[in-house]
$ cat protein-v5.csv   # CSV, C-alpha atoms
chain,number,residue,atom,x,y,z
A,1,MET,CA,12.5,-7.2,35.8
A,2,ARG,CA,15.2,-4.8,34.6
A,3,PRO,CA,17.2,-5.7,31.5
A,4,ASP,CA,20.3,-6.6,33.5
A,5,GLU,CA,18.2,-8.9,35.7
A,6,VAL,CA,16.8,-10.6,32.7
A,7,PHE,CA,20.3,-11.0,31.3
A,8,ALA,CA,21.4,-12.5,34.6
A,9,VAL,CA,18.7,-15.1,34.5
A,10,ILE,CA,19.5,-16.1,30.9
A,11,ARG,CA,23.2,-16.1,31.6
A,12,ALA,CA,22.7,-18.4,34.6
A,13,LYS,CA,21.1,-21.0,32.3
A,14,PHE,CA,23.0,-20.4,29.1
A,15,SER,CA,26.7,-19.6,29.5
A,16,GLU,CA,27.1,-18.8,25.8
A,17,ALA,CA,24.9,-15.7,26.0
A,18,LYS,CA,26.7,-12.4,25.7
A,19,GLU,CA,25.6,-8.8,26.3
A,20,GLU,CA,26.1,-6.5,23.3
A,21,THR,CA,28.1,-3.4,24.2
A,22,GLY,CA,26.2,-0.2,23.9
A,23,THR,CA,22.8,-1.8,23.9
A,24,ASN,CA,20.7,-4.1,26.1
A,25,GLY,CA,20.7,-6.7,23.4
A,26,ILE,CA,21.7,-10.3,24.2
A,27,ILE,CA,23.8,-12.1,21.7
A,28,ILE,CA,22.9,-15.8,21.2
A,29,PRO,CA,24.8,-18.2,18.9
A,30,LYS,CA,22.4,-19.4,16.3
A,31,GLU,CA,22.8,-23.1,17.3
A,32,SER,CA,21.2,-22.5,20.7
A,33,LEU,CA,18.5,-20.0,19.5
A,34,LEU,CA,15.6,-22.5,19.5
A,35,GLU,CA,16.6,-23.8,22.9
A,36,VAL,CA,16.9,-20.3,24.4
A,37,SER,CA,13.5,-19.3,22.9
A,38,ARG,CA,11.8,-22.3,24.5
A,39,TYR,CA,13.3,-21.4,27.8
A,40,LEU,CA,12.2,-17.7,27.5
A,41,LYS,CA,8.7,-18.6,26.6
A,42,ASN,CA,8.0,-20.3,29.9
A,43,LEU,CA,8.4,-19.3,33.5
A,44,PRO,CA,10.3,-17.6,35.2
A,45,LEU,CA,10.8,-15.1,32.3
A,46,ALA,CA,7.5,-15.7,30.5
A,47,PHE,CA,8.1,-13.9,27.3
A,48,ASP,CA,4.7,-14.6,25.8
A,49,ASN,CA,4.9,-12.0,23.0
A,50,LEU,CA,7.2,-12.0,20.0
A,51,HIS,CA,7.0,-8.4,18.9
A,52,CYS,CA,9.2,-8.1,15.9
A,53,ILE,CA,11.9,-10.0,13.9
A,54,THR,CA,14.1,-8.0,11.7
A,55,ALA,CA,17.6,-8.2,10.2
A,56,ILE,CA,20.5,-5.8,9.7
A,57,ASP,CA,22.8,-6.3,6.7
A,58,ARG,CA,26.3,-5.3,8.1
A,59,LYS,CA,27.9,-6.4,4.8
A,60,GLU,CA,30.4,-8.8,6.5
A,61,LYS,CA,27.6,-10.4,8.5
A,62,MET,CA,23.8,-10.5,8.9
A,63,GLU,CA,22.3,-9.6,12.2
A,64,LEU,CA,19.0,-11.1,13.2
A,65,VAL,CA,17.1,-9.1,15.9
A,66,TYR,CA,14.2,-10.6,17.9
A,67,THR,CA,12.2,-8.2,20.1
A,68,LEU,CA,10.4,-10.0,22.9
A,69,TYR,CA,7.9,-8.7,25.5
A,70,SER,CA,6.2,-10.3,28.4
A,71,ILE,CA,2.6,-9.2,28.9
A,72,ARG,CA,2.5,-11.1,32.1
A,73,GLU,CA,5.7,-9.8,33.7
A,74,HIS,CA,5.9,-6.4,31.9
A,75,HIS,CA,9.5,-6.7,30.8
A,76,GLY,CA,11.2,-6.9,27.4
A,77,VAL,CA,14.4,-8.2,25.9
A,78,THR,CA,16.2,-8.0,22.6
A,79,LEU,CA,17.8,-11.1,21.3
A,80,LYS,CA,20.4,-11.0,18.6
A,81,THR,CA,22.0,-13.6,16.4
A,82,TYR,CA,24.9,-13.2,14.0
A,83,LEU,CA,24.8,-15.1,10.7
A,84,THR,CA,27.6,-15.4,8.3
A,85,LEU,CA,26.8,-14.5,4.7
A,86,GLU,CA,27.8,-18.0,3.5
A,87,ASP,CA,25.3,-19.7,5.8
A,88,LEU,CA,22.0,-17.7,6.1
A,89,ASN,CA,20.1,-20.6,7.6
A,90,VAL,CA,18.6,-20.4,11.1
A,91,ALA,CA,16.0,-22.4,13.0
A,92,SER,CA,12.4,-21.2,12.7
A,93,LEU,CA,10.7,-20.0,15.9
A,94,SER,CA,7.2,-20.4,14.6
A,95,LYS,CA,6.6,-23.5,16.7
A,96,VAL,CA,7.4,-21.4,19.8
A,97,TRP,CA,5.6,-18.2,19.0
A,98,LYS,CA,2.9,-18.2,16.3
A,99,SER,CA,3.7,-14.6,15.4
A,100,ALA,CA,7.1,-15.7,14.1
A,101,ASN,CA,5.4,-17.3,11.1
A,102,TRP,CA,4.7,-14.0,9.2
A,103,LEU,CA,7.7,-12.1,10.7
A,104,GLU,CA,10.1,-14.8,9.4
A,105,ARG,CA,8.4,-14.7,6.0
A,106,GLU,CA,9.1,-11.0,6.0
A,107,VAL,CA,12.7,-11.3,6.9
A,108,TYR,CA,13.1,-14.0,4.2
A,109,ASP,CA,11.4,-11.8,1.7
A,110,LEU,CA,13.5,-8.8,2.3
A,111,PHE,CA,16.9,-10.3,3.4
A,112,GLY,CA,16.9,-13.8,2.1
A,113,VAL,CA,17.5,-15.5,5.5
A,114,VAL,CA,16.2,-19.0,5.3
A,115,PHE,CA,14.3,-20.3,8.3
A,116,LEU,CA,14.6,-24.0,8.6
A,117,ASN,CA,11.4,-26.0,9.5
A,118,HIS,CA,9.2,-23.0,8.7
A,119,PRO,CA,5.7,-24.2,7.8
A,120,ASP,CA,5.2,-21.9,4.9
A,121,LEU,CA,8.3,-20.0,3.8
A,122,ARG,CA,7.0,-17.9,0.9
A,123,ARG,CA,7.4,-14.2,0.1
A,124,ILE,CA,4.9,-12.1,1.9
A,125,LEU,CA,5.3,-8.4,0.7
A,126,ASN,CA,6.8,-8.7,-2.7
A,127,PRO,CA,5.3,-10.7,-5.6
A,128,TYR,CA,5.9,-14.4,-5.4
A,129,ASP,CA,8.0,-14.4,-8.6
A,130,TRP,CA,10.3,-11.6,-7.3
A,131,LYS,CA,14.0,-11.9,-7.8
A,132,GLY,CA,16.5,-10.9,-5.2
A,133,PHE,CA,16.2,-9.6,-1.7
A,134,PRO,CA,15.5,-5.8,-1.7
A,135,LEU,CA,16.9,-4.7,1.7
A,136,ARG,CA,20.3,-6.2,1.2
A,137,LYS,CA,23.0,-3.6,0.8
A,138,ASP,CA,24.2,-5.1,-2.5
A,139,TYR,CA,20.7,-5.2,-4.0
A,140,SER,CA,20.1,-3.6,-7.4
A,141,HIS,CA,17.1,-3.6,-9.6
A,142,PRO,CA,16.9,-2.7,-13.4
A,143,GLU,CA,14.0,-0.3,-13.0
A,144,LEU,CA,15.4,1.5,-10.0
A,145,ILE,CA,16.0,5.2,-10.8
A,146,ALA,CA,18.8,6.6,-8.7
A,147,LYS,CA,18.2,10.0,-7.2
A,148,PRO,CA,20.6,12.6,-8.7
A,149,ARG,CA,22.8,13.8,-5.9
A,150,LEU,CA,23.3,17.6,-5.9
B,1,MET,CA,-32.5,33.9,-13.7
B,2,ALA,CA,-34.3,31.3,-15.7
B,3,VAL,CA,-34.0,27.7,-14.7
B,4,ILE,CA,-32.6,26.8,-18.0
B,5,GLU,CA,-29.4,28.8,-17.3
B,6,LYS,CA,-28.6,26.8,-14.2
B,7,ILE,CA,-28.4,23.6,-16.2
B,8,PRO,CA,-24.7,22.7,-17.0
B,9,ALA,CA,-25.5,21.9,-20.6
B,10,ALA,CA,-27.6,25.0,-21.1
B,11,LYS,CA,-25.8,25.9,-24.3
B,12,LEU,CA,-27.0,22.6,-25.9
B,13,ILE,CA,-30.6,23.2,-25.1
B,14,HIS,CA,-32.8,25.5,-27.2
B,15,LYS,CA,-36.0,26.7,-25.8
B,16,ILE,CA,-38.9,27.4,-28.1
B,17,PRO,CA,-40.4,30.8,-27.1
B,18,GLY,CA,-43.7,30.3,-25.4
B,19,GLY,CA,-43.4,26.6,-25.7
B,20,GLY,CA,-43.7,24.1,-23.0
B,21,PHE,CA,-41.0,21.8,-24.3
B,22,PHE,CA,-37.5,22.1,-25.6
B,23,LEU,CA,-35.5,20.7,-28.5
B,24,THR,CA,-32.2,19.1,-28.2
B,25,THR,CA,-30.2,16.2,-29.7
B,26,THR,CA,-30.4,12.9,-28.0
B,27,GLU,CA,-26.6,12.9,-28.0
B,28,SER,CA,-26.3,15.9,-25.9
B,29,LEU,CA,-29.0,14.7,-23.6
B,30,PHE,CA,-27.3,11.3,-23.2
B,31,LYS,CA,-23.9,13.0,-22.6
B,32,TRP,CA,-25.5,15.3,-20.0
B,33,GLY,CA,-27.0,12.4,-18.2
B,34,LYS,CA,-23.8,10.4,-18.4
B,35,ALA,CA,-21.7,13.2,-17.0
B,36,SER,CA,-24.2,14.0,-14.2
B,37,SER,CA,-24.3,10.4,-13.0
B,38,LEU,CA,-20.8,9.0,-12.6
B,39,TRP,CA,-20.4,5.9,-10.5
B,40,PRO,CA,-16.9,5.8,-9.0
B,41,MET,CA,-15.2,2.6,-7.7
B,42,THR,CA,-14.3,2.2,-4.1
B,43,PHE,CA,-10.7,2.0,-4.7
B,44,GLY,CA,-8.2,3.6,-2.4
B,45,LEU,CA,-4.6,2.5,-2.5
B,46,ALA,CA,-2.8,4.9,0.0
B,47,CYS,CA,-3.2,8.2,1.8
B,48,CYS,CA,-5.1,9.9,-1.1
B,49,ALA,CA,-7.9,7.5,-0.3
B,50,PHE,CA,-8.6,9.5,2.8
B,51,GLU,CA,-9.1,12.6,0.8
B,52,MET,CA,-11.4,10.7,-1.5
B,53,ILE,CA,-13.3,9.5,1.5
B,54,ALA,CA,-13.5,13.1,2.9
B,55,ALA,CA,-14.8,14.2,-0.6
B,56,GLY,CA,-17.4,11.5,-0.3
B,57,ALA,CA,-18.6,12.5,3.2
B,58,SER,CA,-21.0,15.2,4.0
B,59,ARG,CA,-18.6,18.1,4.4
B,60,PHE,CA,-17.3,18.2,0.8
B,61,ASP,CA,-20.1,16.0,-0.5
B,62,ILE,CA,-19.2,14.6,-3.9
B,63,ASP,CA,-22.8,13.6,-4.3
B,64,ARG,CA,-23.6,17.2,-5.2
B,65,PHE,CA,-22.0,16.5,-8.6
B,66,GLY,CA,-23.7,13.2,-9.1
B,67,ALA,CA,-20.7,11.0,-8.3
B,68,GLY,CA,-21.5,9.9,-4.8
B,69,VAL,CA,-22.4,6.3,-5.3
B,70,PHE,CA,-19.1,4.5,-4.6
B,71,ARG,CA,-19.6,1.0,-5.7
B,72,ALA,CA,-17.7,-2.0,-4.4
B,73,SER,CA,-17.8,-3.9,-7.7
B,74,PRO,CA,-16.0,-2.8,-10.9
B,75,ARG,CA,-18.9,-4.1,-12.9
B,76,GLN,CA,-21.2,-1.4,-11.6
B,77,CYS,CA,-18.8,1.5,-12.1
B,78,ASP,CA,-17.7,3.9,-14.8
B,79,VAL,CA,-15.0,5.9,-13.1
B,80,MET,CA,-11.9,4.5,-11.5
B,81,ILE,CA,-10.4,7.0,-9.1
B,82,VAL,CA,-6.8,5.7,-8.6
B,83,ALA,CA,-6.2,7.3,-5.2
B,84,GLY,CA,-2.7,6.5,-4.0
B,85,THR,CA,0.6,4.7,-4.6
B,86,ILE,CA,0.6,1.8,-7.0
B,87,CYS,CA,2.8,-0.9,-5.7
B,88,VAL,CA,4.2,-3.5,-8.2
B,89,LYS,CA,2.2,-6.2,-6.5
B,90,MET,CA,-1.0,-4.2,-7.2
B,91,ASN,CA,-0.4,-3.9,-11.0
B,92,ASP,CA,-2.2,-7.1,-12.0
B,93,CYS,CA,-5.1,-6.3,-9.7
B,94,ILE,CA,-5.5,-2.8,-11.2
B,95,ARG,CA,-5.4,-4.1,-14.8
B,96,ARG,CA,-8.0,-6.7,-13.9
B,97,LEU,CA,-10.3,-4.2,-12.2
B,98,TYR,CA,-10.0,-1.9,-15.1
B,99,ALA,CA,-10.8,-4.7,-17.6
B,100,GLN,CA,-13.9,-5.6,-15.5
B,101,MET,CA,-15.4,-2.2,-15.8
B,102,PRO,CA,-18.1,-1.8,-18.5
B,103,GLU,CA,-17.7,0.7,-21.2
B,104,PRO,CA,-17.7,3.7,-21.2
B,105,LYS,CA,-15.1,4.0,-18.5
B,106,TYR,CA,-13.0,6.8,-17.3
B,107,VAL,CA,-9.9,7.0,-15.1
B,108,ILE,CA,-8.9,9.7,-12.7
B,109,ALA,CA,-5.3,9.6,-11.5
B,110,MET,CA,-5.5,11.3,-8.1
B,111,GLY,CA,-2.2,12.4,-6.5
B,112,ASN,CA,1.4,12.5,-7.5
B,113,CYS,CA,1.9,8.7,-6.9
B,114,ALA,CA,-0.8,7.7,-9.4
B,115,ILE,CA,0.5,10.2,-11.9
B,116,SER,CA,4.2,9.4,-11.9
B,117,GLY,CA,5.3,7.6,-8.7
B,118,GLY,CA,5.5,10.9,-6.8
B,119,ILE,CA,7.9,10.8,-3.9
B,120,PHE,CA,8.6,7.1,-4.7
B,121,TYR,CA,10.0,7.9,-8.1
B,122,TYR,CA,13.6,7.7,-7.1
B,123,ASP,CA,15.4,4.8,-5.3
B,124,THR,CA,12.3,2.6,-5.0
B,125,TYR,CA,12.0,-0.9,-6.3
B,126,SER,CA,8.5,-1.6,-5.4
B,127,VAL,CA,6.4,1.3,-6.8
B,128,THR,CA,5.0,1.5,-10.3
B,129,LYS,CA,5.8,4.9,-11.9
B,130,GLY,CA,2.3,6.1,-12.4
B,131,MET,CA,-0.9,4.8,-13.9
B,132,GLU,CA,0.1,5.4,-17.6
B,133,SER,CA,3.1,3.1,-17.2
B,134,LEU,CA,0.6,0.3,-16.7
B,135,GLY,CA,-0.8,1.0,-20.2
B,136,ILE,CA,-4.1,2.4,-18.9
B,137,ALA,CA,-5.1,5.8,-20.4
B,138,VAL,CA,-5.9,8.4,-17.8
B,139,ASP,CA,-8.6,11.1,-18.5
B,140,VAL,CA,-7.9,13.5,-15.6
B,141,PHE,CA,-4.7,14.0,-13.6
B,142,ILE,CA,-5.1,15.7,-10.2
B,143,PRO,CA,-1.7,16.7,-8.8
B,144,GLY,CA,-1.1,17.1,-5.1
B,145,CYS,CA,0.4,15.1,-2.2
B,146,PRO,CA,-2.4,14.4,-1.4
B,147,PRO,CA,-4.8,16.7,-3.3
B,148,ARG,CA,-7.4,18.3,-1.1
B,149,PRO,CA,-11.0,17.1,-1.6
B,150,GLU,CA,-11.8,20.4,-3.4
B,151,ASN,CA,-9.1,19.4,-6.0
B,152,LEU,CA,-10.8,16.1,-6.5
B,153,LEU,CA,-14.1,17.9,-7.1
B,154,VAL,CA,-12.4,20.1,-9.6
B,155,GLY,CA,-11.0,17.0,-11.3
B,156,LEU,CA,-14.5,15.5,-11.4
B,157,MET,CA,-15.9,18.6,-13.0
B,158,LYS,CA,-13.1,18.5,-15.6
B,159,LEU,CA,-14.1,14.9,-16.3
B,160,GLN,CA,-17.8,15.9,-16.7
B,161,GLU,CA,-16.7,18.7,-19.0
B,162,LYS,CA,-14.8,16.2,-21.0
B,163,ILE,CA,-17.7,13.8,-21.2
B,164,ARG,CA,-20.1,16.6,-22.3
B,165,ASN,CA,-17.7,17.6,-25.1
B,166,GLU,CA,-17.1,14.0,-26.4
B,167,LYS,CA,-17.4,13.6,-30.1
B,168,ASP,CA,-19.5,10.5,-30.5
B,169,ALA,CA,-22.5,10.1,-28.4
B,170,ALA,CA,-23.4,6.8,-27.0
B,171,GLY,CA,-19.8,6.2,-26.1
$ encode --input "protein-v5.csv" --output "structure tokens"
Amino acid sequence: MRPDEVFAVIRAKFSEAKEETGTNGIIIPKESLLEVSRYLKNLPLAFDNLHCITAIDRKEKMELVYTLYSIREHHGVTLKTYLTLEDLNVASLSKVWKSANWLEREVYDLFGVVFLNHPDLRRILNPYDWKGFPLRKDYSHPELIAKPRL
Amino acid sequence: MAVIEKIPAAKLIHKIPGGGFFLTTTESLFKWGKASSLWPMTFGLACCAFEMIAAGASRFDIDRFGAGVFRASPRQCDVMIVAGTICVKMNDCIRRLYAQMPEPKYVIAMGNCAISGGIFYYDTYSVTKGMESLGIAVDVFIPGCPPRPENLLVGLMKLQEKIRNEKDAAG
């Protein structure tokens, strides 16, 4: 299926889904993320592989990006969810796709997004006693040596 | 050329003319033996590890210098070749491995990352700025990003030189 066909199928079921301008990404409000994921996992779309979860710090909001692929149907889709900085809580997808477990831990570790109902939400890359979330734009660290700009 | 001149510690050995034996100090004999039989630890942290592996394989053959037996346990080693970037999460692990090695022990910092942080010196939150910032004394620094296997061999020979010229004997 082409990306626009995938979008049409999702749109027919969930009217709140929007297409992001400039990309093939599909924007889902965070309330319906879990419901949409359960639908995508099964037929007719059969997205059986959650490739990647990442986040983008846009300063005024946090963007969550889910990259999905269907090994069975050979098509892919990119889901996006916008979070406000005041409320960085979102439902965990680890019950839907097993791979979400570590991917969500990584996003939590680096961006501080809290995944609700996650089975084991610990840091995964940084030491467990690490303070702060390194990939946020406002992150600073006392031992960080700034590169002199010429 | 006499056989005696091919021995690295030739200067320390005095041959008695016409004699079938030689005189030396036990210290220099021990040091020669120690330098010629280094046991490095299997310990690669990043891309420098591949150069170390290449140095261990048949093409460069670190075994020619008596340091080919890479052991998987720190308790059986006397050289720690720190090959690669030291992440902050690795700090405790390196300290523990170093503490587990029996004396006498030596450290080779291989590559820019193990020396000072290298390309990760600036703007990085997760990389330790070199082996000495962990409080572990380094015997030989081998610069390069990564250093070629030949450079590792040169570093190893420098370490052997250092061991042969050590002041006290049994170490």
$ atom_distance --input "protein-v5.csv" --atom1 "CA of Thr42 (chain B)" --atom2 "CA of Leu29 (chain B)"
27.4 Å
$ interface_residues --input "protein-v5.csv" --of "chain B" --to "chain A" --cutoff "8 Å" --atoms "only C-alpha atoms" --output "list in words"
Val88, Lys89, Tyr121, Tyr122, Asp123, Thr124, Tyr125 and Ser126 of chain B
$ residues_near_point --input "protein-v5.csv" --point "(13.9, -13.2, 3.3)" --cutoff "12 Å" --atoms "only C-alpha atoms" --output "ChimeraX atom specification"
/A:53-57,62,64,88-90,102-115,121-126,128,130-136
$ atom_distance --input "protein-v5.csv" --atom1 "CA of Ile71 (chain A)" --atom2 "CA of Pro119 (chain A)"
26.1 Å
$ residues_around --input "protein-v5.csv" --residues "Arg95 (chain B)" --least-positions-apart "3" --cutoff "9 Å" --atoms "all atoms listed in the file" --output "ChimeraX atom specification"
/B:90-92,98-100,134-136
$ closest_residue --input "protein-v5.csv" --among "A:Ser92, A:Asn101, A:Thr67, A:Asn49" --to "Lys80 (chain A)" --atoms "all atoms listed in the file"
A:Thr67
$ residues_around --input "protein-v5.csv" --residues "Asp63 (chain B)" --least-positions-apart "3" --cutoff "12 Å" --atoms "only C-alpha atoms" --output "list in words"
Ser36, Ser37, Leu38, Trp39, Pro40, Ile53, Ala54, Ala55, Gly56, Ala57, Ser58, Arg59, Phe60, Gly66, Ala67, Gly68, Val69, Phe70, Leu153 and Leu156 of chain B
$ residues_near_point --input "protein-v5.csv" --point "(-8.7, 20.0, -14.9)" --cutoff "9 Å" --atoms "all atoms listed in the file" --output "JSON, numbers by chain"
{"B": [140, 141, 142, 151, 154, 155, 156, 157, 158, 159]}
$ closest_residue --input "protein-v5.csv" --among "B:Leu45, B:Phe50, B:Phe65, B:Ala109" --to "Cys93 (chain B)" --atoms "only C-alpha atoms"
B:Leu45
$ closest_residue --input "protein-v5.csv" --among "A:Arg149, A:His51, A:Lys59, A:Lys30" --to "Lys98 (chain A)" --atoms "all atoms listed in the file"
A:His51
$ residues_around --input "protein-v5.csv" --residues "Glu31 (chain A)" --least-positions-apart "4" --cutoff "10 Å" --atoms "all atoms listed in the file" --output "PyMOL selection string"
chain A and resi 35-36+81+90-91
$ residues_around --input "protein-v5.csv" --residues "Cys145 (chain B)" --least-positions-apart "2" --cutoff "9 Å" --atoms "only C-alpha atoms" --output "list of chain:residue names"
B:Cys47, B:Cys48, B:Gly111, B:Asn112, B:Cys113, B:Gly118, B:Ile119, B:Pro143, B:Pro147, B:Arg148
$ write_last_selection --input "protein-v5.csv" --atoms "C-alpha atoms" --output "compact mmCIF listing (two decimals), in the coordinates of the input"
# COMPACT_ATOMS: atom_id res chain seq x y z
CA CYS B 47 -3.20 8.20 1.80
CA CYS B 48 -5.10 9.90 -1.10
CA GLY B 111 -2.20 12.40 -6.50
CA ASN B 112 1.40 12.50 -7.50
CA CYS B 113 1.90 8.70 -6.90
CA GLY B 118 5.50 10.90 -6.80
CA ILE B 119 7.90 10.80 -3.90
CA PRO B 143 -1.70 16.70 -8.80
CA PRO B 147 -4.80 16.70 -3.30
CA ARG B 148 -7.40 18.30 -1.10
$ atom_distance --input "protein-v5.csv" --atom1 "CA of Ala8 (chain A)" --atom2 "CA of Arg72 (chain A)"
19.1 Å
$ closest_residue --input "protein-v5.csv" --among "B:Ile115, B:Pro149, B:Asp139, B:Glu27" --to "Lys167 (chain B)" --atoms "only C-alpha atoms"
B:Glu27
$ closest_residue --input "protein-v5.csv" --among "A:Gly76, A:Phe7, A:Asp129, A:Leu116" --to "Leu34 (chain A)" --atoms "all atoms listed in the file"
A:Leu116
$ closest_residue --input "protein-v5.csv" --among "B:Ala114, B:Val79, B:Val127, B:Gly84" --to "Leu97 (chain B)" --atoms "all atoms listed in the file"
B:Val79
$ residues_around --input "protein-v5.csv" --residues "His75 (chain A)" --least-positions-apart "3" --cutoff "8 Å" --atoms "only C-alpha atoms" --output "count of residues only"
6
